[in-house]
$ cat target-v2.cif   # mmCIF, C-alpha atoms
data_start
loop_
_atom_site.label_atom_id
_atom_site.label_comp_id
_atom_site.auth_asym_id
_atom_site.auth_seq_id
_atom_site.Cartn_x
_atom_site.Cartn_y
_atom_site.Cartn_z
CA MET A 24 -13.34 -9.64 -23.47
CA GLN A 25 -9.66 -9.98 -24.11
CA GLN A 26 -8.40 -12.19 -26.89
CA VAL A 27 -6.28 -14.34 -24.63
CA ALA A 28 -5.96 -17.99 -25.46
CA GLU A 29 -6.26 -20.11 -22.35
CA LEU A 30 -3.65 -22.68 -23.19
CA LYS A 31 -1.11 -24.45 -21.07
CA PRO A 32 1.20 -21.79 -19.61
CA LEU A 33 4.63 -21.59 -21.15
CA PRO A 34 7.55 -20.63 -18.94
CA VAL A 35 8.69 -17.04 -19.44
CA SER A 36 12.12 -16.10 -18.18
CA GLU A 37 12.69 -12.84 -16.34
CA SER A 38 14.82 -11.45 -19.16
CA THR A 39 12.23 -12.40 -21.78
CA PHE A 40 9.53 -10.82 -19.69
CA ALA A 41 11.55 -7.62 -19.36
CA ASP A 42 12.24 -7.52 -23.08
CA LEU A 43 8.57 -8.03 -23.92
CA LEU A 44 7.12 -5.66 -21.37
CA LYS A 45 9.41 -2.64 -21.47
CA PRO A 46 8.20 -1.37 -24.87
CA LEU A 47 4.61 -1.59 -23.61
CA ILE A 48 5.06 0.58 -20.54
CA GLU A 49 5.06 3.87 -22.40
CA PRO A 50 1.84 3.28 -24.41
CA GLY A 51 0.28 1.75 -21.30
CA PHE A 52 1.14 4.82 -19.26
CA ARG A 53 -0.15 7.20 -21.94
CA LEU A 54 -3.40 5.25 -22.13
CA ALA A 55 -3.83 5.27 -18.35
CA LEU A 56 -3.00 8.95 -18.09
CA ALA A 57 -5.50 9.85 -20.79
CA MET A 58 -8.14 7.70 -19.09
CA LEU A 59 -7.50 8.88 -15.52
CA HIS A 60 -5.85 12.33 -15.89
CA ASP A 61 -3.66 11.55 -12.89
CA SER A 62 -0.03 10.62 -13.51
CA GLN A 63 0.45 8.89 -10.15
CA ALA A 64 -2.70 6.83 -10.60
CA ALA A 65 -1.62 6.07 -14.18
CA GLU A 66 1.73 4.72 -13.01
CA ASP A 67 0.00 2.63 -10.34
CA VAL A 68 -2.35 1.19 -12.94
CA VAL A 69 0.51 0.33 -15.28
CA GLN A 70 2.36 -1.31 -12.40
CA GLU A 71 -0.69 -3.41 -11.54
CA ALA A 72 -1.19 -4.31 -15.20
CA SER A 73 2.45 -5.41 -15.31
CA PHE A 74 1.89 -7.75 -12.35
CA THR A 75 -1.03 -9.24 -14.28
CA ALA A 76 1.16 -9.55 -17.37
CA TRP A 77 3.80 -11.44 -15.39
CA ARG A 78 1.22 -13.90 -14.11
CA LYS A 79 -0.52 -14.48 -17.44
CA LEU A 80 2.10 -13.96 -20.09
CA GLY A 81 2.90 -17.65 -20.32
CA ARG A 82 -0.68 -18.41 -21.33
CA MET A 83 -0.60 -16.29 -24.43
CA ARG A 84 -0.68 -18.34 -27.59
CA ASP A 85 0.30 -15.48 -29.86
CA GLN A 86 2.75 -13.12 -28.22
CA GLY A 87 2.53 -10.92 -31.30
CA ARG A 88 -0.79 -9.77 -29.86
CA LEU A 89 0.87 -8.71 -26.65
CA ARG A 90 0.37 -4.97 -27.12
CA PRO A 91 -3.43 -5.00 -27.56
CA TRP A 92 -3.72 -7.55 -24.75
CA PHE A 93 -1.62 -5.45 -22.37
CA LEU A 94 -3.49 -2.27 -23.28
CA GLY A 95 -6.73 -4.13 -22.61
CA VAL A 96 -5.46 -5.04 -19.16
CA VAL A 97 -4.51 -1.40 -18.53
CA ALA A 98 -7.97 -0.28 -19.69
CA ASN A 99 -9.67 -2.70 -17.30
CA LYS A 100 -7.48 -1.54 -14.42
CA CYS A 101 -8.44 2.06 -15.25
CA ARG A 102 -12.12 1.15 -15.16
CA ASN A 103 -11.71 -0.56 -11.79
CA TYR A 104 -9.70 2.35 -10.42
CA ARG A 105 -12.41 4.85 -11.31
CA ARG A 106 -15.13 2.62 -9.95
CA SER A 107 -13.36 2.09 -6.68
CA ARG A 108 -12.82 5.82 -6.26
CA TRP A 109 -16.53 6.64 -6.56
CA SER A 110 -15.33 10.02 -7.64
CA ALA A 111 -14.64 9.63 -11.30
CA THR A 112 -15.03 13.28 -12.13
CA VAL A 113 -13.49 14.74 -9.02
CA GLU A 114 -9.87 14.59 -9.97
CA LEU A 115 -10.62 15.93 -13.40
CA GLY A 116 -12.28 19.16 -12.36
CA VAL A 117 -14.96 18.54 -14.92
CA PRO A 118 -17.48 21.36 -15.08
CA GLU A 119 -21.20 20.69 -15.19
CA ARG A 120 -21.35 21.90 -18.77
CA ILE A 121 -18.75 21.37 -21.40
CA THR A 122 -17.98 24.18 -23.77
CA VAL A 123 -20.06 23.77 -26.90
CA VAL A 124 -17.99 24.32 -29.99
CA SER A 125 -19.63 26.22 -32.76
CA GLY A 126 -19.01 25.57 -36.40
CA GLU A 127 -17.10 28.83 -36.70
CA ASP A 128 -14.89 28.23 -33.69
CA ARG A 129 -13.66 24.68 -33.87
CA THR A 130 -10.60 25.16 -31.81
CA LEU A 131 -10.91 23.77 -28.33
CA HIS A 132 -8.32 24.57 -25.77
CA GLY A 133 -6.47 21.50 -24.59
CA ALA A 134 -8.05 21.60 -21.16
CA ASP A 135 -11.55 21.81 -22.61
CA LEU A 136 -10.82 18.91 -24.91
CA ARG A 137 -9.45 16.80 -22.06
CA ARG A 138 -12.55 17.57 -20.02
CA ALA A 139 -14.78 16.71 -22.94
CA ILE A 140 -13.00 13.36 -23.32
CA ALA A 141 -13.27 12.80 -19.57
CA ARG A 142 -17.04 13.24 -19.80
CA LEU A 143 -17.33 10.37 -22.25
CA GLY A 144 -18.27 6.96 -20.89
CA HIS A 145 -15.44 4.50 -20.32
CA ASP A 146 -15.86 2.63 -23.59
CA ASP A 147 -16.18 5.76 -25.73
CA ARG A 148 -13.22 7.37 -24.00
CA LEU A 149 -11.17 4.23 -24.50
CA VAL A 150 -11.68 4.03 -28.26
CA VAL A 151 -11.01 7.74 -28.66
CA VAL A 152 -7.75 7.54 -26.71
CA LEU A 153 -6.56 4.36 -28.43
CA TYR A 154 -7.33 5.60 -31.93
CA PHE A 155 -6.56 9.30 -31.74
CA TYR A 156 -3.91 9.51 -29.03
CA LEU A 157 -2.10 6.17 -29.19
CA ASP A 158 -2.58 6.11 -32.97
CA LEU A 159 -3.55 2.44 -33.05
CA PRO A 160 -5.15 1.19 -36.26
CA VAL A 161 -8.82 0.27 -36.03
CA ASP A 162 -7.99 -3.45 -36.10
CA GLU A 163 -5.78 -3.12 -33.05
CA VAL A 164 -8.31 -0.94 -31.22
CA ALA A 165 -10.80 -3.72 -31.94
CA SER A 166 -8.44 -6.27 -30.38
CA VAL A 167 -8.05 -4.15 -27.24
CA ILE A 168 -11.77 -3.72 -26.69
CA GLY A 169 -12.65 -7.22 -27.87
CA LYS A 170 -14.99 -6.15 -30.69
CA SER A 171 -14.99 -6.57 -34.44
CA ALA A 172 -13.41 -3.91 -36.60
CA GLY A 173 -16.83 -2.88 -37.86
CA ALA A 174 -18.27 -2.53 -34.39
CA THR A 175 -15.17 -0.59 -33.34
CA ARG A 176 -15.58 1.82 -36.23
CA THR A 177 -19.21 2.32 -35.23
CA LYS A 178 -18.17 3.02 -31.64
CA LEU A 179 -15.58 5.50 -32.88
CA HIS A 180 -18.20 7.29 -34.97
CA ARG A 181 -20.51 7.54 -31.98
CA ALA A 182 -17.74 8.68 -29.64
CA VAL A 183 -16.53 11.37 -32.03
CA LYS A 184 -20.08 12.57 -32.51
CA LYS A 185 -20.48 12.94 -28.76
CA LEU A 186 -17.11 14.62 -28.42
CA ARG A 187 -17.36 17.02 -31.32
CA PRO A 188 -20.90 17.19 -32.66
CA ASP A 189 -19.88 19.60 -35.37
CA VAL A 190 -16.92 17.70 -36.77
CA ALA A 191 -17.21 15.79 -40.01
CA ILE A 192 -16.93 12.17 -38.93
CA GLU A 193 -15.02 10.96 -41.95
CA GLU A 194 -12.60 13.83 -41.55
CA ALA A 195 -12.03 12.92 -37.92
CA LEU A 196 -11.51 9.25 -38.66
CA ARG A 197 -9.20 9.80 -41.59
CA MET B 21 -5.93 21.33 -36.96
CA SER B 22 -7.18 17.74 -37.12
CA LEU B 23 -8.95 16.15 -34.17
CA ARG B 24 -6.06 13.69 -33.84
CA ARG B 25 -3.54 16.51 -33.57
CA GLU B 26 -5.73 18.40 -31.11
CA ILE B 27 -5.97 15.33 -28.87
CA HIS B 28 -2.23 14.76 -29.07
CA SER B 29 -1.60 18.38 -28.09
CA ALA B 30 -4.15 18.24 -25.27
CA PHE B 31 -2.55 15.23 -23.60
CA GLU B 32 1.10 15.87 -24.34
CA VAL B 33 1.07 18.96 -22.14
CA ILE B 34 0.05 16.87 -19.11
CA THR B 35 2.32 13.89 -19.81
CA PRO B 36 5.38 13.91 -17.56
CA PRO B 37 8.68 12.55 -18.85
CA LEU B 38 8.84 8.80 -18.37
CA GLY B 39 12.43 8.77 -17.15
CA GLY B 40 13.27 5.24 -16.12
CA MET B 41 9.66 4.17 -15.58
CA PRO B 42 9.76 1.09 -17.87
CA GLU B 43 12.81 -0.33 -16.08
CA ARG B 44 11.35 0.59 -12.68
CA VAL B 45 8.02 -1.09 -13.40
CA VAL B 46 9.61 -4.28 -14.69
CA GLN B 47 12.07 -4.49 -11.79
CA THR B 48 9.26 -3.94 -9.27
CA VAL B 49 7.28 -6.80 -10.80
CA LEU B 50 10.23 -9.16 -10.71
CA ALA B 51 11.30 -8.13 -7.20
CA GLN B 52 7.83 -8.41 -5.72
CA HIS B 53 6.98 -11.64 -7.47
CA LYS B 54 8.86 -13.80 -4.99
CA GLY B 55 7.64 -11.74 -2.04
CA ARG B 56 4.06 -12.07 -3.24
CA GLN B 57 4.35 -15.81 -3.53
CA ARG B 58 5.46 -16.07 0.10
CA LYS B 59 2.73 -13.66 1.21
CA GLU B 60 0.02 -15.51 -0.71
CA ARG B 61 0.99 -18.78 0.96
CA MET B 62 0.86 -17.08 4.36
CA VAL B 63 -2.49 -15.43 3.63
CA THR B 64 -3.95 -18.75 2.50
CA ARG B 65 -2.96 -20.35 5.79
CA LEU B 66 -4.35 -17.36 7.70
CA ARG B 67 -7.62 -17.51 5.80
CA ILE B 68 -8.08 -21.15 6.69
CA SER B 69 -7.49 -20.36 10.36
CA VAL B 70 -9.84 -17.39 10.31
CA ALA B 71 -12.51 -19.44 8.54
CA LEU B 72 -12.31 -22.13 11.22
CA VAL B 73 -12.59 -19.57 14.03
CA ALA B 74 -15.51 -17.89 12.24
CA ALA B 75 -17.32 -21.21 11.85
CA VAL B 76 -16.94 -21.98 15.56
CA LEU B 77 -18.18 -18.50 16.47
CA LEU B 78 -21.13 -18.82 14.12
CA VAL B 79 -22.21 -22.07 15.73
CA ALA B 80 -21.85 -20.51 19.19
CA VAL B 81 -23.92 -17.47 18.20
CA ALA B 82 -26.61 -19.67 16.64
CA VAL B 83 -26.86 -21.82 19.77
CA ALA B 84 -27.04 -18.71 21.96
CA ALA B 85 -29.75 -17.24 19.78
CA ILE B 86 -31.85 -20.39 19.92
CA ILE B 87 -31.51 -20.59 23.70
CA SER B 88 -32.37 -16.90 24.06
CA TRP B 89 -35.40 -17.23 21.81
CA ASN B 90 -36.67 -20.30 23.57
CA SER B 91 -36.46 -18.60 26.96
CA SER B 92 -38.13 -15.40 25.97
CA HIS B 93 -40.54 -15.74 23.07
CA ASN B 94 -43.56 -16.48 25.23
CA ASN B 95 -43.10 -13.37 27.35
CA VAL B 96 -42.05 -10.66 24.95
CA ALA B 97 -43.89 -9.15 22.02
CA PRO B 98 -42.43 -10.12 18.63
CA ALA B 99 -39.75 -7.77 17.31
CA GLY B 100 -41.16 -5.05 15.15
CA VAL B 101 -44.55 -4.80 16.83
CA GLY B 102 -45.33 -1.16 17.53
CA LEU B 103 -42.49 0.07 15.32
CA THR B 104 -42.93 2.04 12.14
CA PRO B 105 -41.65 0.43 8.93
CA LEU B 106 -38.66 2.77 9.02
CA GLN B 107 -37.86 1.87 12.63
CA GLN B 108 -38.05 -1.80 11.73
CA LEU B 109 -35.50 -1.24 8.99
CA GLU B 110 -33.27 0.76 11.33
CA ALA B 111 -33.41 -2.11 13.81
CA ARG B 112 -31.84 -4.46 11.33
CA PRO B 113 -28.21 -5.13 12.24
CA ILE B 114 -25.39 -3.85 10.11
CA ARG B 115 -23.88 -6.78 8.23
CA LEU B 116 -21.03 -4.86 6.64
CA GLN B 117 -17.56 -6.26 7.15
CA VAL B 118 -14.56 -4.33 8.37
CA PHE B 119 -11.64 -5.66 6.35
CA ASN B 120 -8.00 -6.02 7.16
CA LYS B 121 -5.85 -5.83 4.03
CA SER B 122 -3.26 -8.23 5.41
CA VAL B 123 -5.83 -10.95 6.15
CA LEU B 124 -8.77 -10.57 3.82
CA ASP B 125 -8.99 -7.55 1.56
CA CYS B 126 -12.20 -5.87 0.51
CA LYS B 127 -13.47 -6.67 -2.99
CA THR B 128 -15.32 -3.97 -4.88
CA GLY B 129 -18.79 -4.87 -6.13
CA PRO B 130 -21.04 -6.51 -7.01
CA TYR B 131 -22.10 -4.63 -10.13
CA ASN B 132 -25.06 -5.02 -12.41
CA ALA B 133 -24.75 -5.49 -16.18
CA GLN B 134 -24.63 -1.73 -16.72
CA GLY B 135 -21.69 -1.34 -14.35
CA SER B 136 -23.68 0.24 -11.54
CA PHE B 137 -22.99 -0.81 -7.99
CA GLY B 138 -25.34 -3.34 -6.43
CA ALA B 139 -27.07 -6.60 -7.24
CA GLY B 140 -30.50 -5.02 -6.91
CA PRO B 141 -33.15 -4.00 -6.33
CA ILE B 142 -31.30 -0.72 -5.59
CA TYR B 143 -28.28 0.33 -7.64
CA GLY B 144 -25.73 3.09 -7.10
CA ASP B 145 -23.59 5.28 -9.33
CA GLY B 146 -20.86 7.70 -8.36
CA GLY B 147 -20.68 11.32 -9.29
CA SER B 148 -18.71 14.49 -8.79
CA ALA B 149 -17.49 15.67 -5.40
CA VAL B 150 -16.73 18.75 -3.37
CA ARG B 151 -14.30 19.08 -0.50
CA THR B 152 -14.90 20.89 2.78
CA ASN B 153 -12.79 21.19 5.92
CA TRP B 154 -14.71 18.22 7.31
CA GLY B 155 -14.16 15.88 4.37
CA GLU B 156 -15.50 15.18 0.92
CA TYR B 157 -19.08 15.04 -0.37
CA PHE B 158 -20.12 12.99 -3.39
CA TYR B 159 -23.11 13.71 -5.60
CA ASN B 160 -24.17 10.10 -6.09
CA VAL B 161 -27.23 8.53 -7.62
CA ALA B 162 -29.40 5.64 -6.45
CA SER B 163 -31.86 3.97 -8.76
CA ALA B 164 -34.42 1.19 -8.90
CA ASP B 165 -36.57 -0.43 -11.54
CA THR B 166 -38.79 -2.59 -9.38
CA VAL B 167 -41.72 -1.32 -7.37
CA ILE B 168 -40.88 -1.29 -3.66
CA SER B 169 -43.70 -0.54 -1.24
CA GLY B 170 -42.32 1.24 1.80
CA PRO B 171 -39.20 3.05 2.86
CA ILE B 172 -35.66 2.04 2.03
CA ILE B 173 -32.71 2.99 4.22
CA VAL B 174 -29.09 3.21 3.18
CA ARG B 175 -26.30 3.01 5.72
CA VAL B 176 -22.61 3.31 4.89
CA GLU B 177 -19.50 2.37 6.83
CA ASP B 178 -15.76 2.55 6.28
CA VAL B 179 -14.51 -0.83 5.12
CA TYR B 180 -11.15 -0.58 6.85
CA LYS B 181 -11.78 1.55 9.96
CA LYS B 182 -14.35 1.28 12.72
CA ASN B 183 -16.40 4.21 14.00
CA VAL B 184 -15.76 6.54 11.08
CA PRO B 185 -18.93 8.62 10.65
CA MET B 186 -20.29 8.56 7.10
CA VAL B 187 -23.06 11.11 6.68
CA PHE B 188 -25.79 12.11 4.29
CA VAL B 189 -26.92 15.69 3.70
CA GLY B 190 -29.62 17.35 1.66
CA PRO B 191 -32.58 15.56 0.10
CA PHE B 192 -33.35 12.09 1.46
CA ALA B 193 -30.91 12.41 4.40
CA GLY B 194 -32.50 11.00 7.54
CA GLY B 195 -31.92 9.36 10.89
CA PRO B 196 -29.89 10.84 13.73
CA THR B 197 -28.13 14.17 13.23
CA VAL B 198 -24.41 14.16 14.04
CA GLY B 199 -23.27 17.62 12.94
CA THR B 200 -23.54 20.36 10.36
CA ASP B 201 -21.46 21.41 7.39
CA VAL B 202 -21.58 23.85 4.50
CA VAL B 203 -21.52 22.14 1.11
CA ASP B 204 -21.46 24.18 -2.08
CA GLY B 205 -22.57 27.23 -0.12
CA THR B 206 -25.53 25.58 1.61
CA GLN B 207 -25.58 24.67 5.29
CA TYR B 208 -26.80 21.15 5.94
CA LYS B 209 -27.39 18.91 8.91
CA GLN B 210 -25.36 15.71 8.69
CA HIS B 211 -27.48 12.58 9.08
CA THR B 212 -26.39 8.99 9.44
CA GLU B 213 -28.91 7.46 7.04
CA LEU B 214 -30.32 7.93 3.61
CA VAL B 215 -34.06 7.30 3.48
CA LEU B 216 -35.52 6.60 0.05
CA ASP B 217 -39.11 6.16 -0.98
CA GLU B 218 -40.41 5.51 -4.46
CA ASN B 219 -43.21 7.98 -3.84
CA GLN B 220 -40.56 10.68 -3.55
CA VAL B 221 -38.05 10.46 -6.36
CA ASP B 222 -36.24 13.06 -8.41
CA ALA B 223 -38.60 13.96 -11.19
CA VAL B 224 -36.08 14.00 -13.99
CA ALA B 225 -32.85 12.07 -14.16
CA ARG B 226 -29.89 14.08 -15.37
CA PRO B 227 -29.20 13.61 -19.07
CA GLY B 228 -26.11 11.57 -19.65
CA TRP B 229 -26.16 9.76 -16.35
CA PRO B 230 -26.16 6.00 -16.52
CA THR B 231 -29.35 5.92 -14.55
CA GLU B 232 -31.42 8.10 -16.83
CA GLN B 233 -33.29 5.08 -18.11
CA HIS B 234 -34.28 3.90 -14.65
CA ARG B 235 -37.80 4.09 -13.34
CA PHE B 236 -36.92 5.54 -9.93
CA VAL B 237 -33.93 7.81 -9.42
CA TRP B 238 -32.67 9.61 -6.34
CA ASP B 239 -29.81 12.14 -6.40
CA PHE B 240 -28.18 12.34 -3.01
CA LEU B 241 -25.13 13.68 -1.24
CA ILE B 242 -22.92 11.48 0.92
CA GLY B 243 -20.16 12.90 3.09
CA ILE B 244 -16.98 11.00 3.89
CA PRO B 245 -14.72 12.51 6.57
CA GLY B 246 -11.09 13.30 5.92
CA SER B 247 -10.05 10.54 8.32
CA ALA B 248 -11.79 7.82 6.28
CA SER B 249 -9.82 5.17 4.42
CA GLY B 250 -11.64 5.88 1.15
CA GLY B 251 -13.28 2.46 0.96
CA THR B 252 -16.98 2.27 1.75
CA GLY B 253 -19.44 -0.52 2.41
CA TRP B 254 -23.11 0.09 1.62
CA GLN B 255 -26.03 -1.68 3.27
CA ILE B 256 -29.44 -1.02 1.79
CA ASP B 257 -32.47 -2.35 3.64
CA GLY B 258 -36.03 -2.30 2.41
CA PRO B 259 -39.20 -4.33 2.75
CA GLY B 260 -38.24 -7.90 1.97
CA PHE B 261 -34.64 -7.30 0.99
CA SER B 262 -31.25 -6.40 2.37
CA GLU B 263 -28.50 -5.56 -0.08
CA ILE B 264 -24.77 -4.96 0.36
CA PHE B 265 -22.04 -3.72 -1.91
CA TYR B 266 -18.54 -2.44 -1.43
CA ALA B 267 -16.54 0.35 -3.09
CA CYS B 268 -13.04 -0.46 -1.81
#

$ encode --input "target-v2.cif" --output "structure tokens"
Amino acid sequence: MQQVAELKPLPVSESTFADLLKPLIEPGFRLALAMLHDSQAAEDVVQEASFTAWRKLGRMRDQGRLRPWFLGVVANKCRNYRRSRWSATVELGVPERITVVSGEDRTLHGADLRRAIARLGHDDRLVVVLYFYLDLPVDEVASVIGKSAGATRTKLHRAVKKLRPDVAIEEALR
Amino acid sequence: MSLRREIHSAFEVITPPLGGMPERVVQTVLAQHKGRQRKERMVTRLRISVALVAAVLLVAVAVAAIISWNSSHNNVAPAGVGLTPLQQLEARPIRLQVFNKSVLDCKTGPYNAQGSFGAGPIYGDGGSAVRTNWGEYFYNVASADTVISGPIIVRVEDVYKKNVPMVFVGPFAGGPTVGTDVVDGTQYKQHTELVLDENQVDAVARPGWPTEQHRFVWDFLIGIPGSASGGTGWQIDGPGFSEIFYAC
């Protein structure tokens, strides 16, 4: 659930909207690209999320929380996009088996790592992308996914363990 | 190299330059906002008109059905007599809608709490796909937790186009044959129905699939031709239930 206060909408001018939204497009696009692995689909998702932002921006009590809210909208659009496709793994070329990384050889090629992330469930993939790729602090990741910081840290632990069974969790989350 | 740096490296190589995307996105929102408002007002008026026409038609159909039943029920054997359970299910009419985006667009769902398609008792999950010259085949999964005595048939139609043949191949494919195709190196007959039975399920669900905890699981292959819109409506009929969901 998003942390959006349902208060009386406040009017937002077009210039204010542009000023607020523009800085969010790039992180939104990076999030969508990492979730979908398709730049065209990622741009479409960000565009749709921006329409949602325009409609709902006036209802936000605390516009300082705009970034996690917008990223949450993008994440939901990504989930819906993959569901509607019924072909979540098609565009990604994900093999049946992901390369297992031994303790001695901890270097994954980028493509293998992307595939491994693509094999994670939506929620696990989301926390991994937000924390490791968008470099959000745990508190902000928690805001995006609508969980407590503690629960988010637990999800991150689990996701990292699925992604890289051999990696030291604390090292990964440092 | 830290995991964070590895992930950055992995995604940066596939990230195209943004160029003027932020400005483009914002301008598109602002430009389309007014157009959308006009369109939404028009669609609302259209929906009201369509709803009125549909209501009139529904009443007419109901009256016709009652008259037809009254005139014939004493002379004709009740429907279903002499038919196998599967034939009885096949005789059920398709209730799937064909949508028109400009009037009433298709809405994906419903889903269950785990995010699988369907409101039960049968649920669906998508999987990987392979392309052929004919179209695209999806390795999907159906599942159930309740005991269902008798066959279950699944029929699929395009949600935006009429008469687009959706087919099933491999295990559990049934009903009329409409062609053949080679999928992943195996030649299959293309059937128009999927026929499921809880006495014949896949023994072991694939690890990692969302359905692995389900009591009954069927892996199946559905084929969607290249001419399809991409949106599908699913009607699942079984003893005592008829279920519909859409993947638009």

$ closest_atom_pairs --input "target-v2.cif" --of "chain B" --to "chain A" --cutoff "6 Å" --atoms "all atoms listed in the file" --output "Markdown table"
| residue | atom | partner | partner_atom | distance |
| --- | --- | --- | --- | --- |
| B:Leu23 | CA | A:Ala195 | CA | 5.8 |
| B:Arg24 | CA | A:Phe155 | CA | 4.9 |
| B:His28 | CA | A:Tyr156 | CA | 5.5 |
| B:Ala30 | CA | A:Gly133 | CA | 4.1 |
| B:Pro42 | CA | A:Lys45 | CA | 5.2 |
| B:Val45 | CA | A:Gln70 | CA | 5.8 |
| B:Val49 | CA | A:Phe74 | CA | 5.7 |
| B:Gly146 | CA | A:Trp109 | CA | 4.8 |
| B:Gly147 | CA | A:Ser110 | CA | 5.7 |
| B:Ser148 | CA | A:Thr112 | CA | 5.1 |
| B:Ala149 | CA | A:Val113 | CA | 5.5 |
| B:Ala267 | CA | A:Ser107 | CA | 5.1 |
| B:Cys268 | CA | A:Ser107 | CA | 5.5 |

$ write_last_selection --input "target-v2.cif" --atoms "C-alpha atoms" --output "PDB file, keeping the file's coordinate frame"
ATOM      1  CA  LEU B  23      -8.950  16.150 -34.170  1.00  0.00           C
ATOM      2  CA  ARG B  24      -6.060  13.690 -33.840  1.00  0.00           C
ATOM      3  CA  HIS B  28      -2.230  14.760 -29.070  1.00  0.00           C
ATOM      4  CA  ALA B  30      -4.150  18.240 -25.270  1.00  0.00           C
ATOM      5  CA  PRO B  42       9.760   1.090 -17.870  1.00  0.00           C
ATOM      6  CA  VAL B  45       8.020  -1.090 -13.400  1.00  0.00           C
ATOM      7  CA  VAL B  49       7.280  -6.800 -10.800  1.00  0.00           C
ATOM      8  CA  GLY B 146     -20.860   7.700  -8.360  1.00  0.00           C
ATOM      9  CA  GLY B 147     -20.680  11.320  -9.290  1.00  0.00           C
ATOM     10  CA  SER B 148     -18.710  14.490  -8.790  1.00  0.00           C
ATOM     11  CA  ALA B 149     -17.490  15.670  -5.400  1.00  0.00           C
ATOM     12  CA  ALA B 267     -16.540   0.350  -3.090  1.00  0.00           C
ATOM     13  CA  CYS B 268     -13.040  -0.460  -1.810  1.00  0.00           C
TER      14      CYS B 268
END

$ residues_around --input "target-v2.cif" --residues "Met186 (chain B)" --least-positions-apart "4" --cutoff "10 Å" --atoms "all atoms listed in the file" --output "compact mmCIF listing (two decimals) with C-alpha atoms, in the coordinates of the input"
# COMPACT_ATOMS: atom_id res chain seq x y z
CA GLY B 155 -14.16 15.88 4.37
CA TYR B 157 -19.08 15.04 -0.37
CA ARG B 175 -26.30 3.01 5.72
CA VAL B 176 -22.61 3.31 4.89
CA GLU B 177 -19.50 2.37 6.83
CA ASP B 178 -15.76 2.55 6.28
CA VAL B 198 -24.41 14.16 14.04
CA GLN B 210 -25.36 15.71 8.69
CA HIS B 211 -27.48 12.58 9.08
CA THR B 212 -26.39 8.99 9.44
CA GLU B 213 -28.91 7.46 7.04
CA ILE B 242 -22.92 11.48 0.92
CA GLY B 243 -20.16 12.90 3.09
CA ILE B 244 -16.98 11.00 3.89
CA PRO B 245 -14.72 12.51 6.57
CA ALA B 248 -11.79 7.82 6.28
CA THR B 252 -16.98 2.27 1.75

$ atom_distance --input "target-v2.cif" --atom1 "CA of Val184 (chain B)" --atom2 "CA of Tyr143 (chain B)"
23.4 Å

$ resolve_selection --input "target-v2.cif" --expression "the PyMOL selection byres ((chain A and resi 93) around 8)" --output "list in words"
Leu47, Gly51, Ala72, Ala76, Leu89, Arg90, Pro91, Trp92, Leu94, Gly95, Val96 and Val97 of chain A

$ residues_around --input "target-v2.cif" --residues "Val189 (chain B)" --least-positions-apart "4" --cutoff "12 Å" --atoms "all atoms listed in the file" --output "ChimeraX atom specification"
/B:156-160,193-204,206-215,239-244

$ write_last_selection --input "target-v2.cif" --atoms "C-alpha atoms" --output "PDB file, keeping the file's coordinate frame"
ATOM      1  CA  GLU B 156     -15.500  15.180   0.920  1.00  0.00           C
ATOM      2  CA  TYR B 157     -19.080  15.040  -0.370  1.00  0.00           C
ATOM      3  CA  PHE B 158     -20.120  12.990  -3.390  1.00  0.00           C
ATOM      4  CA  TYR B 159     -23.110  13.710  -5.600  1.00  0.00           C
ATOM      5  CA  ASN B 160     -24.170  10.100  -6.090  1.00  0.00           C
ATOM      6  CA  ALA B 193     -30.910  12.410   4.400  1.00  0.00           C
ATOM      7  CA  GLY B 194     -32.500  11.000   7.540  1.00  0.00           C
ATOM      8  CA  GLY B 195     -31.920   9.360  10.890  1.00  0.00           C
ATOM      9  CA  PRO B 196     -29.890  10.840  13.730  1.00  0.00           C
ATOM     10  CA  THR B 197     -28.130  14.170  13.230  1.00  0.00           C
ATOM     11  CA  VAL B 198     -24.410  14.160  14.040  1.00  0.00           C
ATOM     12  CA  GLY B 199     -23.270  17.620  12.940  1.00  0.00           C
ATOM     13  CA  THR B 200     -23.540  20.360  10.360  1.00  0.00           C
ATOM     14  CA  ASP B 201     -21.460  21.410   7.390  1.00  0.00           C
ATOM     15  CA  VAL B 202     -21.580  23.850   4.500  1.00  0.00           C
ATOM     16  CA  VAL B 203     -21.520  22.140   1.110  1.00  0.00           C
ATOM     17  CA  ASP B 204     -21.460  24.180  -2.080  1.00  0.00           C
ATOM     18  CA  THR B 206     -25.530  25.580   1.610  1.00  0.00           C
ATOM     19  CA  GLN B 207     -25.580  24.670   5.290  1.00  0.00           C
ATOM     20  CA  TYR B 208     -26.800  21.150   5.940  1.00  0.00           C
ATOM     21  CA  LYS B 209     -27.390  18.910   8.910  1.00  0.00           C
ATOM     22  CA  GLN B 210     -25.360  15.710   8.690  1.00  0.00           C
ATOM     23  CA  HIS B 211     -27.480  12.580   9.080  1.00  0.00           C
ATOM     24  CA  THR B 212     -26.390   8.990   9.440  1.00  0.00           C
ATOM     25  CA  GLU B 213     -28.910   7.460   7.040  1.00  0.00           C
ATOM     26  CA  LEU B 214     -30.320   7.930   3.610  1.00  0.00           C
ATOM     27  CA  VAL B 215     -34.060   7.300   3.480  1.00  0.00           C
ATOM     28  CA  ASP B 239     -29.810  12.140  -6.400  1.00  0.00           C
ATOM     29  CA  PHE B 240     -28.180  12.340  -3.010  1.00  0.00           C
ATOM     30  CA  LEU B 241     -25.130  13.680  -1.240  1.00  0.00           C
ATOM     31  CA  ILE B 242     -22.920  11.480   0.920  1.00  0.00           C
ATOM     32  CA  GLY B 243     -20.160  12.900   3.090  1.00  0.00           C
ATOM     33  CA  ILE B 244     -16.980  11.000   3.890  1.00  0.00           C
TER      34      ILE B 244
END
